[in-house]
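Listing of work_35.cif, mmCIF, C-alpha atoms
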data_target
#
loop_
_atom_site.label_atom_id
_atom_site.label_comp_id
_atom_site.auth_asym_id
_atom_site.auth_seq_id
_atom_site.Cartn_x
_atom_site.Cartn_y
_atom_site.Cartn_z
CA MET A 1 -31.95 -13.70 15.59
CA VAL A 2 -29.34 -11.99 13.45
CA ARG A 3 -29.58 -8.58 11.81
CA GLY A 4 -27.26 -6.22 9.95
CA GLY A 5 -26.00 -2.96 11.45
CA ARG A 6 -24.07 0.04 10.16
CA TYR A 7 -21.14 -1.07 7.93
CA GLY A 8 -22.76 -4.52 7.89
CA LEU A 9 -21.78 -5.48 11.45
CA ARG A 10 -24.22 -8.13 12.51
CA THR A 11 -25.88 -8.42 15.88
CA LYS A 12 -27.71 -11.22 17.60
CA PHE A 13 -29.90 -11.51 20.67
CA LEU A 14 -28.36 -13.70 23.35
CA LEU A 15 -30.06 -14.92 26.49
CA HIS A 16 -28.23 -13.63 29.58
CA PRO A 17 -29.09 -14.31 33.25
CA PHE A 18 -31.08 -11.06 33.31
CA GLY A 19 -32.83 -11.47 30.02
CA TRP A 20 -32.14 -11.04 26.31
CA ARG A 21 -29.32 -8.73 25.26
CA LEU A 22 -28.23 -7.52 21.91
CA GLU A 23 -24.68 -8.70 21.19
CA ARG A 24 -22.55 -7.96 18.20
CA MET A 25 -21.13 -10.90 16.31
CA ALA A 26 -18.26 -10.33 14.02
CA HIS A 27 -16.52 -12.07 11.19
CA LEU A 28 -13.01 -10.72 10.87
CA LEU A 29 -10.77 -10.77 7.84
CA GLN A 30 -7.11 -10.50 8.74
CA VAL A 31 -4.13 -10.36 6.45
CA GLY A 32 -0.85 -11.40 8.01
CA ALA A 33 -0.04 -13.57 11.02
CA GLY A 34 3.56 -12.56 11.39
CA SER A 35 5.19 -11.30 14.56
CA GLY A 36 2.96 -8.20 14.50
CA GLY A 37 -0.24 -9.78 13.21
CA MET A 38 -0.35 -12.81 15.47
CA PRO A 39 -0.54 -10.91 18.80
CA VAL A 40 -3.35 -8.76 17.35
CA LEU A 41 -5.18 -11.89 16.25
CA ASP A 42 -4.69 -13.45 19.67
CA MET A 43 -5.94 -10.39 21.58
CA VAL A 44 -8.89 -9.64 19.31
CA CYS A 45 -10.09 -13.23 18.97
CA ARG A 46 -10.31 -13.64 22.74
CA ASP A 47 -13.32 -11.33 22.54
CA PRO A 48 -16.45 -13.53 22.45
CA ARG A 49 -18.13 -11.20 19.96
CA VAL A 50 -15.69 -12.42 17.34
CA THR A 51 -17.38 -15.51 15.98
CA ALA A 52 -15.55 -16.12 12.70
CA LEU A 53 -12.16 -15.38 11.24
CA THR A 54 -10.67 -15.60 7.76
CA LEU A 55 -6.90 -15.35 7.73
CA ILE A 56 -4.85 -14.61 4.61
CA GLU A 57 -1.32 -15.80 5.23
CA PRO A 58 0.85 -17.74 2.79
CA ASP A 59 4.12 -17.79 4.75
CA VAL A 60 5.95 -20.58 6.50
CA TYR A 61 7.25 -20.13 10.06
CA LYS A 62 11.04 -19.87 9.78
CA PRO A 63 13.83 -20.17 12.37
CA HIS A 64 14.56 -16.44 12.27
CA ASN A 65 10.91 -15.72 13.21
CA VAL A 66 11.16 -17.53 16.55
CA ALA A 67 12.76 -14.71 18.57
CA ARG A 68 9.86 -12.36 17.95
CA HIS A 69 6.89 -14.63 17.40
CA LEU A 70 4.17 -16.05 19.65
CA PHE A 71 4.55 -19.50 18.12
CA ALA A 72 6.76 -22.13 19.74
CA PRO A 73 10.08 -23.09 18.11
CA GLN A 74 8.63 -26.55 17.40
CA GLY A 75 6.39 -24.94 14.80
CA VAL A 76 9.29 -24.03 12.50
CA GLY A 77 8.61 -25.38 9.02
CA SER A 78 4.82 -25.27 9.36
CA GLY A 79 2.56 -22.77 7.68
CA LYS A 80 1.79 -19.72 9.83
CA SER A 81 -1.92 -20.06 9.09
CA ALA A 82 -1.95 -23.67 10.38
CA LEU A 83 -0.10 -22.57 13.51
CA ALA A 84 -2.51 -19.67 13.98
CA GLU A 85 -5.45 -22.03 13.63
CA ALA A 86 -4.01 -24.40 16.26
CA TRP A 87 -3.32 -21.45 18.56
CA LEU A 88 -6.89 -20.18 18.27
CA ARG A 89 -8.47 -23.65 18.53
CA GLU A 90 -6.87 -24.02 21.97
CA ARG A 91 -8.30 -20.72 23.14
CA ARG A 92 -11.49 -20.35 21.12
CA PRO A 93 -12.71 -23.78 20.03
CA ASP A 94 -16.03 -22.23 19.03
CA LEU A 95 -14.44 -19.77 16.56
CA GLN A 96 -15.07 -20.51 12.90
CA PHE A 97 -11.64 -20.37 11.32
CA ARG A 98 -10.83 -20.32 7.65
CA SER A 99 -7.46 -19.74 6.09
CA LEU A 100 -6.48 -18.61 2.62
CA ASN A 101 -2.90 -19.71 2.14
CA CYS A 102 -2.17 -17.25 -0.59
CA ASP A 103 -0.59 -13.87 -1.03
CA LEU A 104 -3.09 -11.02 -0.81
CA LEU A 105 -1.89 -9.82 -4.22
CA ASP A 106 -2.01 -13.22 -5.92
CA SER A 107 -4.17 -12.75 -9.02
CA ASP A 108 -5.35 -16.37 -8.92
CA CYS A 109 -6.89 -15.87 -5.48
CA GLN A 110 -8.70 -12.59 -6.00
CA GLU A 111 -12.13 -14.13 -6.43
CA GLU A 112 -11.83 -15.98 -3.14
CA ILE A 113 -10.33 -12.97 -1.36
CA ASN A 114 -13.17 -10.80 -2.65
CA ARG A 115 -15.74 -13.27 -1.35
CA ALA A 116 -14.00 -13.29 2.04
CA ALA A 117 -14.02 -9.48 2.17
CA ALA A 118 -17.67 -9.33 1.17
CA GLY A 119 -18.58 -11.72 3.97
CA ALA A 120 -16.45 -10.07 6.66
CA ASP A 121 -17.57 -7.38 9.09
CA LEU A 122 -14.21 -5.86 9.88
CA GLY A 123 -10.69 -6.08 8.46
CA ILE A 124 -7.32 -6.18 10.18
CA CYS A 125 -4.22 -5.46 8.15
CA ALA A 126 -0.91 -6.66 9.49
CA ALA A 127 0.86 -6.73 6.14
CA ASP A 128 4.37 -5.34 6.03
CA ASN A 129 4.52 -3.98 2.51
CA GLU A 130 2.91 -0.98 0.85
CA PRO A 131 1.33 -2.72 -2.18
CA ALA A 132 -0.51 -5.07 0.21
CA LYS A 133 -1.74 -2.17 2.34
CA TYR A 134 -3.07 -0.31 -0.71
CA HIS A 135 -4.68 -3.49 -1.99
CA PHE A 136 -6.34 -4.26 1.34
CA ASP A 137 -7.60 -0.68 1.47
CA ALA A 138 -9.14 -1.03 -2.00
CA LEU A 139 -10.71 -4.33 -1.02
CA MET A 140 -12.28 -2.97 2.15
CA ARG A 141 -13.51 0.21 0.44
CA ARG A 142 -15.05 -1.86 -2.33
CA TRP A 143 -17.10 -3.84 0.17
CA ARG A 144 -17.57 -0.87 2.52
CA LYS A 145 -16.00 -2.53 5.56
CA PRO A 146 -14.18 -0.78 8.40
CA TRP A 147 -10.60 -1.88 8.99
CA THR A 148 -7.50 -1.21 11.04
CA LEU A 149 -3.78 -1.21 10.35
CA GLY A 150 -0.79 -1.48 12.68
CA GLU A 151 2.80 -0.73 11.72
CA VAL A 152 5.97 -1.10 13.79
CA LEU A 153 8.75 1.27 12.78
CA SER A 154 12.16 -0.13 11.92
CA GLY A 155 14.17 -0.86 15.03
CA GLY A 156 11.02 -0.83 17.18
CA ILE A 157 11.39 2.88 17.94
CA GLY A 158 7.62 3.29 17.75
CA GLY A 159 4.67 2.45 15.60
CA PHE A 160 1.47 3.57 13.97
CA VAL A 161 -2.10 2.46 14.41
CA HIS A 162 -4.70 3.61 11.88
CA TRP A 163 -8.40 2.96 11.50
CA PHE A 164 -10.52 3.37 8.40
CA VAL A 165 -14.23 3.45 7.67
CA PRO A 166 -16.12 3.70 4.38
CA ASP A 167 -16.29 7.33 3.17
CA GLY A 168 -13.41 8.28 5.48
CA PRO A 169 -9.82 8.87 4.39
CA CYS A 170 -8.31 5.95 2.49
CA TYR A 171 -4.82 4.55 2.99
CA GLY A 172 -3.66 6.76 0.09
CA CYS A 173 -4.93 9.89 1.89
CA VAL A 174 -3.13 8.79 5.06
CA ALA A 175 0.14 7.86 3.34
CA SER A 176 0.10 11.15 1.44
CA PHE A 177 -0.62 13.17 4.60
CA LEU A 178 2.14 11.38 6.49
CA GLN A 179 4.45 11.97 3.52
CA ARG A 180 5.27 8.35 2.99
CA ALA A 181 6.92 6.85 0.01
CA VAL A 182 7.16 3.33 -1.17
CA GLU A 183 10.34 1.36 -0.68
CA ILE A 184 11.27 0.12 -4.10
CA GLU A 185 13.97 -2.15 -5.35
CA LYS A 186 15.89 -0.27 -7.96
CA PRO A 187 19.12 -0.85 -9.75
CA LYS A 188 21.90 0.74 -7.77
CA ALA A 189 24.35 3.23 -9.16
CA PRO A 190 27.96 2.14 -8.78
CA ASP A 191 29.64 3.29 -5.55
CA TYR A 192 32.53 5.31 -6.97
CA SER A 193 34.13 5.79 -3.56
CA GLN A 194 34.54 2.01 -3.10
CA PRO A 195 34.11 0.42 -6.53
CA GLN A 196 35.16 -3.06 -5.38
CA SER A 197 33.20 -3.17 -2.18
CA SER A 198 29.89 -4.76 -1.48
CA LEU A 199 28.04 -3.00 1.32
CA PRO A 200 24.90 -4.86 2.30
CA GLU A 201 22.08 -2.71 3.59
CA THR A 202 21.63 -3.08 7.33
CA THR A 203 18.21 -3.53 8.83
CA VAL A 204 17.34 -3.27 12.52
CA PRO A 205 14.62 -5.64 13.67
CA ALA A 206 12.15 -4.52 16.29
CA SER A 207 12.14 -6.22 19.67
CA ARG A 208 9.33 -8.53 20.71
CA ALA A 209 8.34 -5.99 23.39
CA ALA A 210 8.06 -3.17 20.85
CA ILE A 211 6.03 -5.35 18.49
CA GLU A 212 3.68 -6.38 21.31
CA ALA A 213 3.23 -2.77 22.47
CA ILE A 214 2.09 -1.62 19.03
CA ALA A 215 0.05 -4.82 18.51
CA SER A 216 -1.78 -4.12 21.79
CA LEU A 217 -2.69 -0.63 20.61
CA HIS A 218 -3.76 -2.07 17.27
CA ALA A 219 -5.96 -4.64 19.05
CA LEU A 220 -7.49 -1.96 21.30
CA VAL A 221 -8.39 0.23 18.34
CA THR A 222 -9.83 -2.79 16.51
CA LEU A 223 -11.97 -3.73 19.50
CA GLY A 224 -13.06 -0.11 19.89
CA LEU A 225 -14.15 -0.06 16.27
CA LEU A 226 -15.97 -3.33 16.82
CA ASP A 227 -17.74 -1.83 19.85
CA ASN A 228 -19.02 1.16 18.05
CA PRO A 229 -18.37 1.08 14.33
CA GLY A 230 -20.80 3.88 13.49
CA ASP A 231 -19.49 6.49 15.90
CA PHE A 232 -16.01 5.33 16.85
CA SER A 233 -14.11 8.45 17.77
CA PRO A 234 -10.86 7.94 19.68
CA GLY A 235 -9.66 11.43 18.82
CA PHE A 236 -7.42 10.40 15.93
CA THR A 237 -7.52 8.56 12.66
CA SER A 238 -3.83 7.67 12.89
CA MET A 239 -1.73 7.52 16.01
CA LEU A 240 2.04 7.37 16.22
CA PHE A 241 3.28 6.08 19.55
CA THR A 242 6.97 6.47 20.28
CA LEU A 243 8.81 3.78 22.20
CA GLU A 244 12.31 5.23 22.22
CA ARG A 245 14.01 8.58 22.21
CA VAL A 246 15.82 8.95 18.89
CA PRO A 247 17.77 12.16 18.24
CA ASP A 248 16.27 14.22 15.39
CA VAL A 249 13.35 11.78 15.16
CA PHE A 250 11.56 11.43 18.50
CA ASP A 251 12.27 13.78 21.40
CA GLU A 252 10.89 11.45 24.02
CA PRO A 253 9.77 7.86 24.41
CA PHE A 254 6.18 6.79 25.15
CA HIS A 255 4.69 9.85 23.53
CA PRO A 256 1.53 9.64 21.43
CA TYR A 257 1.10 11.81 18.34
CA ARG A 258 -2.51 11.89 17.28
CA PHE A 259 -3.39 12.77 13.69
CA ARG A 260 -6.89 13.58 12.48
CA ILE A 261 -6.38 13.02 8.80
CA PRO A 262 -9.19 14.21 6.55
CA ARG A 263 -10.21 12.58 3.33
CA ALA A 264 -8.37 14.38 0.53
CA ALA A 265 -10.88 15.67 -2.03
CA GLU A 266 -8.43 15.17 -4.89
CA CYS A 267 -6.98 11.85 -3.75
CA LEU A 268 -6.39 9.78 -6.88
CA ILE A 269 -6.96 6.58 -4.91
CA CYS A 270 -10.39 7.21 -3.36
CA ARG A 271 -12.02 10.21 -5.05
CA PRO A 272 -15.26 9.32 -6.81
CA GLY A 273 -14.78 8.21 -10.42
CA ARG A 274 -14.96 10.91 -13.05
CA GLY A 275 -16.16 10.40 -16.57
CA PRO A 276 -18.18 7.47 -17.76
CA GLU A 277 -19.26 4.72 -15.41
CA TYR A 278 -18.31 1.18 -16.36
CA ALA A 279 -20.91 -1.12 -14.91
CA SER A 280 -19.52 -4.49 -15.89
CA PRO A 281 -16.00 -5.94 -16.19
CA GLU A 282 -16.66 -6.43 -19.92
CA GLU A 283 -17.43 -2.73 -20.40
CA LEU A 284 -14.25 -1.89 -18.52
CA ASP A 285 -12.19 -4.17 -20.78
CA VAL A 286 -13.72 -2.76 -23.95
CA ALA A 287 -13.15 0.84 -22.81
CA LEU A 288 -9.53 0.06 -21.89
CA ASP A 289 -8.84 -1.72 -25.18
CA GLN A 290 -10.30 1.22 -27.10
CA ALA A 291 -8.24 3.74 -25.11
CA LEU A 292 -5.02 1.77 -25.62
CA ALA A 293 -5.72 1.39 -29.34
CA ARG A 294 -6.37 5.14 -29.59
CA LEU A 295 -3.20 6.05 -27.72
CA GLY A 296 -1.09 3.37 -29.36
CA ASN A 297 -1.31 5.41 -32.53
CA ALA A 298 -1.36 8.85 -30.96
CA MET B 1 -2.47 -8.97 -10.12
CA GLY B 2 -2.42 -5.31 -10.85
CA LEU B 3 -2.73 -2.46 -13.24
CA LEU B 4 -3.81 -4.30 -16.38
CA ASP B 5 -5.50 -7.32 -14.86
CA SER B 6 -7.47 -6.07 -11.88
CA GLU B 7 -10.62 -4.03 -11.81
CA ALA B 8 -9.02 -1.42 -9.56
CA GLY B 9 -6.04 -1.13 -11.92
CA LYS B 10 -8.21 -0.78 -15.01
CA ARG B 11 -10.38 1.85 -13.30
CA ARG B 12 -7.26 3.80 -12.30
CA LEU B 13 -6.13 3.74 -15.94
CA LEU B 14 -9.49 4.79 -17.34
CA THR B 15 -10.31 7.48 -14.80
CA VAL B 16 -6.88 8.93 -14.00
CA GLU B 17 -3.99 7.97 -16.25
CA ILE B 18 -5.54 7.84 -19.71
CA PRO B 19 -7.44 11.15 -19.36
CA VAL B 20 -4.24 12.96 -18.30
CA ILE B 21 -2.26 11.38 -21.15
CA GLU B 22 -4.96 12.50 -23.59
CA ARG B 23 -4.81 16.00 -22.15
CA TYR B 24 -1.00 15.96 -22.45
CA ASN B 25 -1.23 14.86 -26.09
CA GLU B 26 -3.93 17.35 -27.05
CA GLY B 27 -2.58 19.89 -29.53
CA ARG B 28 0.97 18.57 -29.13
CA ASP B 29 3.23 17.93 -32.14
CA PRO B 30 2.60 14.26 -33.06
CA ASN B 31 6.32 13.49 -32.61
CA TYR B 32 6.12 14.48 -28.95
CA ARG B 33 2.94 12.68 -27.98
CA ILE B 34 2.86 9.78 -25.56
CA ARG B 35 2.17 6.39 -27.15
CA LEU B 36 1.00 3.42 -25.14
CA SER B 37 1.58 -0.29 -25.48
CA ARG B 38 1.19 -3.36 -23.30
CA ALA B 39 4.18 -5.53 -22.37
CA GLY B 40 2.77 -8.40 -20.35
CA THR B 41 1.44 -6.93 -17.13
CA THR B 42 3.25 -3.64 -17.70
CA LEU B 43 1.98 -0.58 -19.52
CA VAL B 44 4.71 1.14 -21.51
CA LEU B 45 4.67 4.84 -22.42
CA ARG B 46 7.00 5.87 -25.25
CA TYR B 47 7.63 9.49 -26.01
CA GLN B 48 10.33 12.03 -26.69
CA LEU B 49 11.29 15.18 -24.84
CA LYS B 50 13.30 18.23 -25.81
CA PRO B 51 14.14 20.09 -22.61
CA CYS B 52 16.81 22.36 -24.19
CA HIS B 53 19.00 21.57 -27.21
CA ASN B 54 18.56 17.83 -27.73
CA VAL B 55 15.75 15.42 -28.35
CA TYR B 56 15.66 12.32 -26.15
CA GLN B 57 13.70 9.12 -26.61
CA LEU B 58 12.23 7.82 -23.38
CA GLU B 59 10.28 4.90 -22.09
CA THR B 60 8.21 4.93 -18.90
CA ARG B 61 7.02 1.62 -17.53
CA LEU B 62 3.97 1.40 -15.31
CA VAL B 63 4.57 -1.97 -13.70
CA SER B 64 1.88 -4.25 -12.38
CA SER B 65 1.97 -2.74 -8.88
CA TYR B 66 1.71 0.85 -10.19
CA PRO B 67 0.62 3.33 -8.79
CA THR B 68 1.76 1.94 -5.42
CA VAL B 69 5.26 1.73 -6.83
CA PRO B 70 6.45 4.65 -8.95
CA PRO B 71 6.91 4.60 -12.72
CA GLU B 72 10.31 3.50 -13.99
CA ILE B 73 11.74 5.91 -16.53
CA ARG B 74 14.54 5.00 -18.90
CA VAL B 75 16.22 7.20 -21.46
CA LEU B 76 16.71 5.22 -24.69
CA SER B 77 18.99 7.81 -26.31
CA PRO B 78 22.63 7.36 -25.28
CA LEU B 79 23.71 9.50 -22.30
CA LYS B 80 27.07 10.20 -20.72
CA HIS B 81 27.35 8.68 -17.29
CA CYS B 82 26.26 11.34 -14.84
CA PRO B 83 24.83 11.81 -11.34
CA HIS B 84 21.34 10.46 -10.63
CA LEU B 85 21.57 7.86 -13.39
CA LEU B 86 21.05 4.19 -12.53
CA GLU B 87 21.72 0.99 -14.42
CA GLY B 88 20.13 0.72 -17.85
CA GLN B 89 19.91 4.53 -18.09
CA THR B 90 17.08 4.48 -15.56
CA LEU B 91 16.55 7.90 -14.00
CA CYS B 92 16.91 8.25 -10.25
CA LEU B 93 13.86 10.39 -9.56
CA TRP B 94 12.27 9.22 -6.33
CA ARG B 95 13.70 9.05 -2.86
CA GLN B 96 11.80 7.40 -0.05
CA GLY B 97 11.04 9.84 2.75
CA SER B 98 12.46 12.83 0.87
CA THR B 99 11.59 16.22 2.31
CA ARG B 100 11.17 17.52 -1.24
CA ILE B 101 7.62 16.79 -2.29
CA THR B 102 8.42 16.27 -5.97
CA SER B 103 11.06 13.68 -5.12
CA ARG B 104 8.68 11.54 -3.11
CA TRP B 105 6.35 9.45 -5.27
CA ASP B 106 2.80 9.85 -3.98
CA PRO B 107 0.23 7.57 -5.63
CA ALA B 108 -2.59 9.60 -4.13
CA ARG B 109 -1.46 12.81 -5.87
CA PHE B 110 0.66 11.95 -8.89
CA SER B 111 -0.16 10.44 -12.25
CA CYS B 112 2.17 9.09 -14.92
CA VAL B 113 2.28 12.52 -16.59
CA PHE B 114 3.82 13.92 -13.40
CA ALA B 115 6.59 11.36 -13.96
CA VAL B 116 7.00 12.54 -17.58
CA GLN B 117 7.39 16.10 -16.29
CA ALA B 118 9.92 14.88 -13.71
CA ALA B 119 11.88 13.25 -16.57
CA TRP B 120 11.81 16.53 -18.49
CA ARG B 121 13.24 18.32 -15.44
CA TRP B 122 15.91 15.63 -15.03
CA LEU B 123 16.98 15.98 -18.68
CA ALA B 124 17.16 19.77 -18.34
CA CYS B 125 19.48 19.24 -15.36
CA TYR B 126 21.50 16.75 -17.42
CA GLU B 127 22.12 19.27 -20.18
CA ILE B 128 23.26 21.88 -17.67
CA TRP B 129 25.50 19.29 -16.01
CA HIS B 130 26.88 18.37 -19.43
CA ASP B 131 27.91 22.01 -20.03
CA THR B 132 28.99 23.06 -16.55
CA GLY B 133 29.87 19.85 -14.69
CA GLU B 134 27.42 20.77 -11.94
CA TRP B 135 23.97 19.29 -11.30
CA PRO B 136 21.78 22.37 -10.84
CA LEU B 137 19.34 20.90 -8.32
CA PRO B 138 20.39 20.01 -4.79
CA GLU B 139 20.35 16.35 -3.72
CA ALA B 140 16.98 15.18 -2.49
CA LYS B 141 17.14 14.76 1.27
#
Reformat the file's structure so that it appears as structure tokens.
Amino acid sequence: MVRGGRYGLRTKFLLHPFGWRLERMAHLLQVGAGSGGMPVLDMVCRDPRVTALTLIEPDVYKPHNVARHLFAPQGVGSGKSALAEAWLRERRPDLQFRSLNCDLLDSDCQEEINRAAAGADLGICAADNEPAKYHFDALMRRWRKPWTLGEVLSGGIGGFVHWFVPDGPCYGCVASFLQRAVEIEKPKAPDYSQPQSSLPETTVPASRAAIEAIASLHALVTLGLLDNPGDFSPGFTSMLFTLERVPDVFDEPFHPYRFRIPRAAECLICRPGRGPEYASPEELDVALDQALARLGNA
Amino acid sequence: MGLLDSEAGKRRLLTVEIPVIERYNEGRDPNYRIRLSRAGTTLVLRYQLKPCHNVYQLETRLVSSYPTVPPEIRVLSPLKHCPHLLEGQTLCLWRQGSTRITSRWDPARFSCVFAVQAAWRWLACYEIWHDTGEWPLPEAK
């Protein structure tokens, strides 16, 4: 017997040695099976309550991924979603696995992605770029699904874990509270001090250990939310966990900073719509065309 | 996938951006109103500003991934090369992680009209720099 719970998490009665027990069954939607996403997937999918998984991951496993990834070097050249499926089949042959080998932001895949979100019980975001995080947030809010997000800071000096529920703060509220900004590619001004030089930007990759530490926290929060989606209350909505001491950034390693971030009443991302309601996509298109025509001749 | 071709993007335009543009235009001299046009998946705002002595033509592009990524603002009127000016006369307005709130694009709090106001402030600084050789605002940190 299957029935819906708060936020749509389904439950089923299973026969145990001491009688029938109510067990939660969950269909997860995860975006990203990179070096941070794959350990989360591995840890969460070992839980027997997870019965189905849809993975959105378009990337191919490349040689430079090997040092930090769960997958074996022999997998180089294969799609990460195929490797993730093989990994999970070995450990959870009963798990229903479905992959969408497309970018989360790919306009051609939105219908399928929307269907996957509508059918999921809980989302896991392991995307590494801001547009994808905002898009996943919009997707999960649209279908009123709880979700979690893990982020490893550059150089592996620490990382964030966030959890979101419908009617709680959105990713925009969190990013605004944490004073984030989006990394954008922009044309560079000439370097007048060294006009002939070419100085490539340096990036510091995180270590496998740092990635796994944050992924473990991400998996724990995800499983906690799965345990008790209605009243999950770990004492934070976002947690920053430091892994290194960095002068002027983190005073000490292995220190948790817990943030209770409220929903911002005036958040332009998640505040309730103002003005007319547009029930259908056609109404939305007509209203937009009219507005653009009006303002094209302002 | 984005501003002009997704439901979320269209709703953002209809409930946030277009109402603030209409409020900006209300009662304003027609020459200084914001005009909108589509360019593929980008929404283009064209307008002019007069921060001090001169009138400048500007173009602000809301690209497909707007508002996650900030608006790109270009001055179409010729400028002297100066600080905080990028290729193609694009204004350097946003700095990731800046401690100054107005220099850090925040899609949860800012609309495209905030960017127009930031361009106005930039041009005012440009005119002062043009006269004095000094940019009147400190670098965003």
Measuring between all atoms listed in the file, which one of A:Phe136, A:Trp147, A:Phe160, A:Phe259 shows the shortest distance to chain B?
A:Phe136
9 Å contact set for Arg260 of chain A, all atoms listed in the file, chain neighbours under 2 positions out, as a CSV table (one decimal) with C-alpha atoms, in the coordinates of the input:
chain,number,residue,atom,x,y,z
A,235,GLY,CA,-9.7,11.4,18.8
A,236,PHE,CA,-7.4,10.4,15.9
A,237,THR,CA,-7.5,8.6,12.7
A,238,SER,CA,-3.8,7.7,12.9
A,239,MET,CA,-1.7,7.5,16.0
A,258,ARG,CA,-2.5,11.9,17.3
A,262,PRO,CA,-9.2,14.2,6.6
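Listed by chain and then by number, the residues chosen by the PyMOL selection byres ((chain A and resi 87) around 12) in this file are Ala33, Met38, Pro39, Leu41, Asp42, Met43, Cys45, Arg46, Leu70, Phe71, Ala72, Gly75, Lys80, Ser81, Ala82, Leu83, Ala84, Glu85, Ala86, Leu88, Arg89, Glu90, Arg91, Arg92, Pro93, Leu95 and Phe97 of chain A.
Atom to atom, atom CA of Asp108 of chain A and atom CA of Leu149 of chain A stand 24.6 Å apart.
Within 7 Å of chain A, counting only C-alpha atoms, chain B contributes Met1, Leu14, Thr15, Arg33, Ile34, Arg35, Leu36, Ser37, Ser65, Thr68, Val69, Leu85, Leu86, Glu87, Gln96, Gly97, Arg104, Trp105, Asp106, Pro107, Ala108 and Arg109 of chain B.
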Taking 6 positions as the minimum chain separation for residues in the same chain, which residues sit within 6 Å of Thr51 of chain A when counting all atoms listed in the file? Answer as a CSV table (one decimal) with C-alpha atoms, in the frame of the given file.
chain,number,residue,atom,x,y,z
A,25,MET,CA,-21.1,-10.9,16.3
A,26,ALA,CA,-18.3,-10.3,14.0
A,27,HIS,CA,-16.5,-12.1,11.2
A,95,LEU,CA,-14.4,-19.8,16.6
What gap, in Å, lies between atom CA of Gly158 of chain A and atom CA of Lys145 of chain A?
27.2 Å
Which residues are near Leu58 of chain B? Cut-off 9 Å, only C-alpha atoms, ignore same chain within fewer than 4 positions. Put them as a ChimeraX atom specification.
/B:45-49,73-77,119
Written selection (C-alpha atoms) as an mmCIF file, keeping the file's coordinate frame:
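Once everything was written out, this is out03.cif:
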data_model
loop_
_atom_site.group_PDB
_atom_site.id
_atom_site.type_symbol
_atom_site.label_atom_id
_atom_site.label_comp_id
_atom_site.auth_asym_id
_atom_site.auth_seq_id
_atom_site.Cartn_x
_atom_site.Cartn_y
_atom_site.Cartn_z
ATOM 1 C CA LEU B 45 4.670 4.840 -22.420
ATOM 2 C CA ARG B 46 7.000 5.870 -25.250
ATOM 3 C CA TYR B 47 7.630 9.490 -26.010
ATOM 4 C CA GLN B 48 10.330 12.030 -26.690
ATOM 5 C CA LEU B 49 11.290 15.180 -24.840
ATOM 6 C CA ILE B 73 11.740 5.910 -16.530
ATOM 7 C CA ARG B 74 14.540 5.000 -18.900
ATOM 8 C CA VAL B 75 16.220 7.200 -21.460
ATOM 9 C CA LEU B 76 16.710 5.220 -24.690
ATOM 10 C CA SER B 77 18.990 7.810 -26.310
ATOM 11 C CA ALA B 119 11.880 13.250 -16.570
#
Mind pulling up the distance from atom CA of Val76 of chain A to atom CA of Lys62 of chain A?
5.3 Å
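Distance annotation: of B:Val55, B:Leu137, B:Thr41, B:Val113, the residue with the minimal separation from Arg23 of chain B is B:Val113; atom set is only C-alpha atoms.
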